[in-house]
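Asker: Sharing model_25.txt, compact mmCIF, C-alpha atoms and all ligand atoms:
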# COMPACT_ATOMS: atom_id res chain seq x y z
CA MET A 1 31.06 60.14 -3.52
CA ILE A 2 28.01 58.52 -5.07
CA ALA A 3 25.97 58.44 -1.86
CA ALA A 4 26.29 58.76 1.89
CA PRO A 5 27.26 55.41 3.41
CA TYR A 6 24.27 53.44 4.62
CA ALA A 7 23.97 53.52 8.42
CA TRP A 8 23.91 49.92 9.61
CA PRO A 9 23.42 49.05 13.32
CA ASP A 10 26.33 49.22 15.75
CA GLY A 11 28.53 50.85 13.17
CA VAL A 12 29.04 47.63 11.18
CA ARG A 13 30.06 48.03 7.58
CA GLY A 14 27.76 46.06 5.36
CA ALA A 15 25.06 43.49 5.89
CA PHE A 16 24.30 39.94 4.83
CA ALA A 17 21.02 38.03 4.71
CA MET A 18 20.82 34.28 4.24
CA THR A 19 17.63 33.48 2.35
CA VAL A 20 16.21 30.17 1.18
CA ASP A 21 13.50 29.86 -1.47
CA VAL A 22 11.88 26.59 -0.45
CA ASP A 23 10.40 25.81 -3.86
CA GLY A 24 10.64 22.04 -4.25
CA PRO A 25 8.43 20.94 -7.18
CA THR A 26 6.07 23.96 -7.14
CA PRO A 27 7.63 25.99 -10.03
CA HIS A 28 7.41 23.00 -12.35
CA LEU A 29 3.84 22.25 -11.28
CA TRP A 30 2.87 25.84 -12.07
CA LYS A 31 4.65 25.92 -15.42
CA SER A 32 3.14 22.61 -16.52
CA ARG A 33 -0.35 23.32 -15.15
CA ASP A 34 -1.94 23.07 -18.61
CA GLY A 35 -0.07 19.95 -19.60
CA ARG A 36 1.62 17.09 -17.88
CA PRO A 37 4.51 17.69 -15.47
CA ARG A 38 7.63 15.65 -16.14
CA PRO A 39 8.13 13.00 -13.45
CA ALA A 40 11.91 13.38 -13.77
CA GLU A 41 11.84 17.11 -12.98
CA LEU A 42 9.31 16.61 -10.17
CA GLU A 43 11.62 14.03 -8.62
CA GLN A 44 14.70 16.21 -9.03
CA ARG A 45 12.91 19.09 -7.32
CA GLY A 46 11.37 16.72 -4.80
CA TYR A 47 14.88 16.25 -3.50
CA GLY A 48 14.25 19.58 -1.74
CA PRO A 49 11.58 18.54 0.76
CA ARG A 50 12.89 14.97 0.96
CA ARG A 51 16.53 15.78 1.73
CA GLY A 52 17.83 19.19 0.71
CA ILE A 53 15.94 21.49 3.06
CA TRP A 54 16.99 19.45 6.08
CA ARG A 55 20.65 19.67 5.07
CA VAL A 56 20.41 23.43 4.51
CA LEU A 57 18.82 23.80 7.96
CA ASP A 58 21.71 21.89 9.50
CA VAL A 59 24.29 24.00 7.65
CA LEU A 60 22.71 27.16 9.07
CA ALA A 61 22.50 25.66 12.56
CA ASP A 62 26.18 24.69 12.49
CA ALA A 63 27.10 28.20 11.33
CA GLY A 64 24.85 29.87 13.91
CA VAL A 65 23.09 31.82 11.17
CA THR A 66 19.40 32.74 11.31
CA GLY A 67 17.84 33.07 7.87
CA SER A 68 14.67 33.94 5.97
CA PHE A 69 12.77 31.10 4.29
CA TYR A 70 10.21 31.83 1.56
CA VAL A 71 7.75 28.96 1.26
CA PRO A 72 4.98 28.55 -1.36
CA GLY A 73 1.65 27.79 0.31
CA ALA A 74 1.16 24.49 -1.52
CA TYR A 75 4.62 23.29 -0.47
CA ALA A 76 3.84 24.25 3.13
CA GLN A 77 0.54 22.39 3.02
CA GLN A 78 2.20 19.25 1.63
CA ASN A 79 5.24 19.44 3.91
CA PRO A 80 4.01 20.83 7.25
CA ALA A 81 6.95 19.30 9.14
CA VAL A 82 9.34 21.45 7.09
CA VAL A 83 7.54 24.66 8.02
CA ARG A 84 7.34 23.68 11.68
CA GLU A 85 11.05 22.86 11.77
CA ILE A 86 12.04 26.14 10.09
CA ALA A 87 9.96 28.01 12.67
CA ALA A 88 11.21 25.91 15.58
CA ARG A 89 14.78 26.83 14.69
CA GLY A 90 13.95 30.51 14.92
CA HIS A 91 14.12 31.42 11.23
CA GLU A 92 11.85 33.90 9.52
CA ILE A 93 9.14 32.50 7.21
CA GLY A 94 7.89 34.59 4.30
CA LEU A 95 5.50 34.38 1.37
CA HIS A 96 6.47 32.91 -2.00
CA GLY A 97 3.13 32.47 -3.78
CA TRP A 98 0.76 29.52 -3.48
CA MET A 99 2.01 27.35 -6.34
CA HIS A 100 4.99 29.59 -7.13
CA GLU A 101 2.91 31.78 -9.46
CA PRO A 102 4.82 34.78 -10.85
CA PRO A 103 2.57 37.85 -10.28
CA VAL A 104 2.63 38.61 -14.02
CA ASP A 105 0.63 35.39 -14.57
CA LEU A 106 -2.24 36.54 -12.31
CA ASP A 107 -4.82 39.28 -12.27
CA ARG A 108 -5.15 41.35 -9.09
CA ALA A 109 -8.06 39.41 -7.60
CA THR A 110 -6.34 36.05 -8.11
CA PHE A 111 -3.06 37.37 -6.73
CA LEU A 112 -4.89 38.63 -3.64
CA ASP A 113 -6.65 35.30 -3.22
CA VAL A 114 -3.55 33.10 -3.46
CA THR A 115 -1.49 35.42 -1.28
CA ARG A 116 -4.17 35.44 1.42
CA ARG A 117 -4.45 31.67 1.27
CA ALA A 118 -0.68 31.28 1.58
CA LEU A 119 -0.61 33.70 4.53
CA ASP A 120 -3.30 31.72 6.35
CA THR A 121 -1.55 28.40 5.65
CA LEU A 122 1.84 29.59 6.88
CA HIS A 123 0.21 31.09 9.95
CA ASP A 124 -1.76 27.92 10.73
CA LEU A 125 1.43 25.85 10.48
CA GLY A 126 3.15 28.00 13.09
CA GLY A 127 5.07 30.24 10.72
CA GLY A 128 4.82 33.11 13.19
CA ARG A 129 4.21 36.66 12.07
CA VAL A 130 4.73 36.70 8.32
CA THR A 131 5.74 40.19 7.23
CA GLY A 132 7.56 39.67 3.94
CA TYR A 133 7.00 38.63 0.36
CA ARG A 134 9.40 37.28 -2.22
CA SER A 135 8.08 37.05 -5.75
CA PRO A 136 8.45 33.73 -7.56
CA SER A 137 10.81 34.40 -10.49
CA TRP A 138 11.67 37.85 -9.07
CA ASP A 139 9.06 39.61 -11.15
CA MET A 140 6.42 42.03 -9.93
CA THR A 141 3.39 43.99 -11.08
CA ASP A 142 1.88 47.25 -9.83
CA ALA A 143 -1.17 45.26 -8.69
CA ALA A 144 1.01 42.87 -6.70
CA PHE A 145 2.72 45.74 -4.84
CA ASP A 146 -0.73 47.16 -4.17
CA VAL A 147 -1.93 43.85 -2.69
CA LEU A 148 1.12 43.61 -0.41
CA LEU A 149 0.18 47.01 1.01
CA GLU A 150 -3.48 46.01 1.33
CA LEU A 151 -2.44 42.93 3.33
CA GLY A 152 -0.28 45.06 5.61
CA LEU A 153 3.00 43.37 4.74
CA ALA A 154 6.20 45.14 5.77
CA TYR A 155 8.47 44.43 2.83
CA ASP A 156 9.14 42.89 -0.55
CA SER A 157 12.42 41.17 -1.42
CA SER A 158 12.35 40.57 -5.18
CA MET A 159 13.79 43.60 -6.97
CA MET A 160 17.34 44.69 -7.82
CA GLY A 161 17.21 48.49 -7.93
CA ASP A 162 19.76 49.17 -5.20
CA ASP A 163 22.49 47.59 -3.10
CA ARG A 164 20.85 48.61 0.20
CA PRO A 165 17.23 48.65 1.39
CA TYR A 166 15.06 51.23 -0.37
CA ARG A 167 11.46 52.24 -0.87
CA LEU A 168 9.55 51.10 -3.94
CA ALA A 169 5.84 51.37 -4.73
CA GLY A 170 5.09 52.39 -1.15
CA ILE A 171 6.78 49.41 0.50
CA THR A 172 10.28 48.67 1.81
CA GLU A 173 12.33 46.73 -0.72
CA VAL A 174 15.21 44.52 0.43
CA PRO A 175 16.98 43.95 -2.88
CA VAL A 176 18.26 40.69 -4.29
CA SER A 177 20.78 39.92 -7.04
CA TRP A 178 21.13 37.21 -9.68
CA ALA A 179 24.84 37.02 -8.84
CA LEU A 180 23.89 35.92 -5.31
CA ASP A 181 21.36 33.27 -6.40
CA ASP A 182 22.27 29.60 -6.69
CA ALA A 183 19.86 28.92 -9.61
CA PRO A 184 22.01 30.48 -12.37
CA PHE A 185 24.90 28.28 -11.24
CA TYR A 186 23.27 24.99 -10.25
CA ARG A 187 19.90 24.70 -12.01
CA TYR A 188 20.05 21.98 -14.64
CA VAL A 189 16.91 19.92 -15.27
CA GLY A 190 17.32 18.41 -18.74
CA GLY A 191 14.33 18.56 -21.10
CA PRO A 192 13.41 21.56 -23.25
CA ASP A 193 14.56 24.26 -20.80
CA PRO A 194 17.49 22.66 -19.04
CA GLY A 195 19.41 25.64 -17.64
CA HIS A 196 23.18 25.68 -17.70
CA PRO A 197 25.48 22.81 -16.83
CA PRO A 198 26.04 23.05 -13.07
CA HIS A 199 29.04 24.99 -11.79
CA ARG A 200 31.49 23.73 -9.25
CA PRO A 201 30.16 24.71 -5.79
CA ARG A 202 33.59 25.65 -4.46
CA GLU A 203 33.97 28.20 -7.28
CA VAL A 204 30.44 29.50 -6.86
CA VAL A 205 30.89 30.26 -3.17
CA GLN A 206 34.20 31.99 -3.94
CA ARG A 207 32.23 34.31 -6.18
CA TRP A 208 29.65 34.86 -3.43
CA ALA A 209 32.47 35.56 -0.95
CA ASP A 210 33.65 38.31 -3.32
CA GLU A 211 30.15 39.82 -3.14
CA VAL A 212 30.17 39.72 0.67
CA ASP A 213 33.66 41.25 0.81
CA ALA A 214 32.48 44.03 -1.51
CA ALA A 215 29.46 44.65 0.73
CA ALA A 216 31.84 45.04 3.68
CA ARG A 217 34.05 47.35 1.64
CA TYR A 218 31.30 49.63 0.32
CA GLY A 219 28.86 49.35 3.23
CA THR A 220 26.19 47.67 1.15
CA LEU A 221 23.86 44.68 1.48
CA ALA A 222 24.40 41.16 0.16
CA VAL A 223 21.26 38.99 0.10
CA LEU A 224 22.12 35.38 -0.74
CA THR A 225 19.33 33.22 -2.18
CA VAL A 226 19.58 29.44 -2.28
CA HIS A 227 17.04 26.72 -3.05
CA ASP A 228 16.24 23.57 -1.10
CA TRP A 229 16.64 21.26 -4.13
CA LEU A 230 19.88 22.89 -5.37
CA SER A 231 22.03 23.99 -2.44
CA GLY A 232 20.84 21.04 -0.36
CA ARG A 233 22.96 18.70 -2.51
CA PRO A 234 26.03 17.52 -0.61
CA ALA A 235 28.87 19.39 -2.36
CA ALA A 236 26.80 22.59 -2.59
CA ALA A 237 25.87 22.36 1.09
CA ALA A 238 29.49 21.81 2.10
CA ALA A 239 30.54 24.86 0.09
CA LEU A 240 27.71 26.90 1.64
CA ALA A 241 28.99 25.98 5.09
CA ASP A 242 32.44 27.32 4.12
CA LEU A 243 30.88 30.52 2.79
CA LEU A 244 28.95 31.14 6.01
CA ALA A 245 32.15 30.75 8.01
CA HIS A 246 33.70 33.41 5.75
CA VAL A 247 30.67 35.70 6.20
CA ARG A 248 31.00 35.48 9.97
CA GLU A 249 34.68 36.41 9.79
CA SER A 250 33.94 39.38 7.50
CA GLY A 251 32.24 41.28 10.31
CA VAL A 252 29.13 42.27 8.36
CA TRP A 253 25.75 42.37 10.11
CA ILE A 254 24.04 39.01 9.62
CA ALA A 255 20.30 39.53 9.86
CA THR A 256 17.00 38.22 8.58
CA VAL A 257 15.31 40.15 5.80
CA ALA A 258 12.54 41.17 8.22
CA GLU A 259 15.17 42.61 10.57
CA ILE A 260 16.83 44.52 7.72
CA ALA A 261 13.47 45.89 6.54
CA SER A 262 12.52 46.93 10.03
CA TRP A 263 15.94 48.57 10.55
CA HIS A 264 15.42 50.54 7.36
CA ASP A 265 11.93 51.63 8.44
CA ALA A 266 13.24 52.67 11.86
CA GLN A 267 15.67 55.08 10.21
CA GLY A 268 12.66 56.96 8.88
CA ALA A 269 14.21 56.56 5.47
CA VAL A 270 12.00 57.37 2.54
CA ALA A 271 14.58 57.08 -0.21
ZN ZN A 301 11.09 30.37 -6.01
Turn this file's structure into structure tokens for me.

Answerer:
Amino acid sequence: MIAAPYAWPDGVRGAFAMTVDVDGPTPHLWKSRDGRPRPAELEQRGYGPRRGIWRVLDVLADAGVTGSFYVPGAYAQQNPAVVREIAARGHEIGLHGWMHEPPVDLDRATFLDVTRRALDTLHDLGGGRVTGYRSPSWDMTDAAFDVLLELGLAYDSSMMGDDRPYRLAGITEVPVSWALDDAPFYRYVGGPDPGHPPHRPREVVQRWADEVDAAARYGTLAVLTVHDWLSGRPAAAAALADLLAHVRESGVWIATVAEIASWHDAQGAVA
């Protein structure tokens, strides 16, 4: 026995969180901040706010799944209708930088400044009580953890040190996994850093279904991360709909990341 089984609510075995990183063009704008962004990549990523996010929202509505959406502040400012719609449908909204800046690119004062600005923007757009942070590029620094605590946030969801919620750097961590991210399978942008040729969505979601089945088997947590401009494409969205139907049948607890973090905190768990 490697560990006592994690105690999920109502005796369910395993948990699942549907998360959406609503990046649109922001990662490319950050990476090309000292040069000129490529119009082709901006357009490809612009598919997210133009079309993809709306399709993802409809897929979740049809499946009856409430998710967690991490929105960069600049994206929110440029696409206020997206933020309002996410909130109106009852989803959680969380932090994802201002211009999708990985914390390693910023000193503490700048990280604090952009995170505060993003918090205010999401709040002003009706994002509700924002309690969570997801690091752009799933990287962190000690200073960034420190700032999350200073701002009174409840959790981070960027690290991969466990397969259930845990405590890290004084905050609750709801862990992610590259295997449950759509970017390694779908991200292909051409140019100097193209990513891999896209995988077939039907095969990708079969792999994700294996992860959910394993979470049910071992009593662990599966946090799925998709992106507006990738999983909003038609075949990927159709496959995501099939996956969510499978998740519902699996009997795992489907919850937002905020709910999972708050469940973990309520257990008085410190490990
Ligand atoms: Zn992102």

Asker: Show which residues sit within 8 Å of Pro27 (chain A), as a short mmCIF file (atom, residue, chain, number, x, y, z; two decimals) with C-alpha atoms, in the coordinates of the input. Count all atoms listed in the file, and ignore same-chain residues fewer than 2 positions away.

Answerer:
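Saved the output as out_2.cif:
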data_model
loop_
_atom_site.label_atom_id
_atom_site.label_comp_id
_atom_site.auth_asym_id
_atom_site.auth_seq_id
_atom_site.Cartn_x
_atom_site.Cartn_y
_atom_site.Cartn_z
CA ASP A 23 10.40 25.81 -3.86
CA GLY A 24 10.64 22.04 -4.25
CA PRO A 25 8.43 20.94 -7.18
CA LEU A 29 3.84 22.25 -11.28
CA TRP A 30 2.87 25.84 -12.07
CA LYS A 31 4.65 25.92 -15.42
CA MET A 99 2.01 27.35 -6.34
CA HIS A 100 4.99 29.59 -7.13
CA GLU A 101 2.91 31.78 -9.46
#

Asker: Which residues are close to region 82-92 of chain A, i.e. within 7 Å by only C-alpha atoms, leaving aside same-chain residues fewer than 5 positions away? Reply as a count of residues only.

Answerer: 9

Asker: Have a look at A:Ala216, A:Leu151, A:Met160, A:Leu230 and name the one nearest to Pro49 (chain A); count all atoms listed in the file.

Answerer: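 Nearest to Pro49 (chain A): A:Leu230.
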
Asker: Dump the neighbourhood of ligand ZN 301 (chain A) as a PyMOL selection string: all residues within 10 Å, distances computed on only C-alpha atoms and all ligand atoms.

Answerer: chain A and resi 20-27+70-72+96-97+99-102+134-138+183+225-228

Asker: Which residue, A:Gly64, A:Pro103, A:Gly251, A:Pro165, has the smallest gap to Asp213 (chain A) when you use all atoms listed in the file?

Answerer: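 Of the candidates, the smallest distance to Asp213 (chain A) is held by A:Gly251.
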
Asker: May I ask which of the residues A:Ala215, A:Val56, A:Val189, A:Ala238 is the closest one to Arg202 (chain A), counting only C-alpha atoms?

Answerer: A:Ala238

Asker: Excluding Ile254 (chain A) and its own-chain neighbours fewer than 2 positions away, which residues fall within 7 Å of it when counting only C-alpha atoms? Please give them as a list in words.

Answerer: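 My reading of the contact set: Ala15, Phe16, Ala17 and Val252 of chain A.
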
Asker: Which residues come within 9 Å of Thr141 (chain A), counting all atoms listed in the file, excluding same-chain residues fewer than 3 positions away, as a PyMOL selection string?

Answerer: chain A and resi 103-104+144-146

Asker: Calculate how many Å separate CA of Trp208 (chain A) from CA of Trp229 (chain A), rounding to one decimal.

Answerer: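 Pair CA of Trp208 (chain A) / CA of Trp229 (chain A) returns 18.8 Å.
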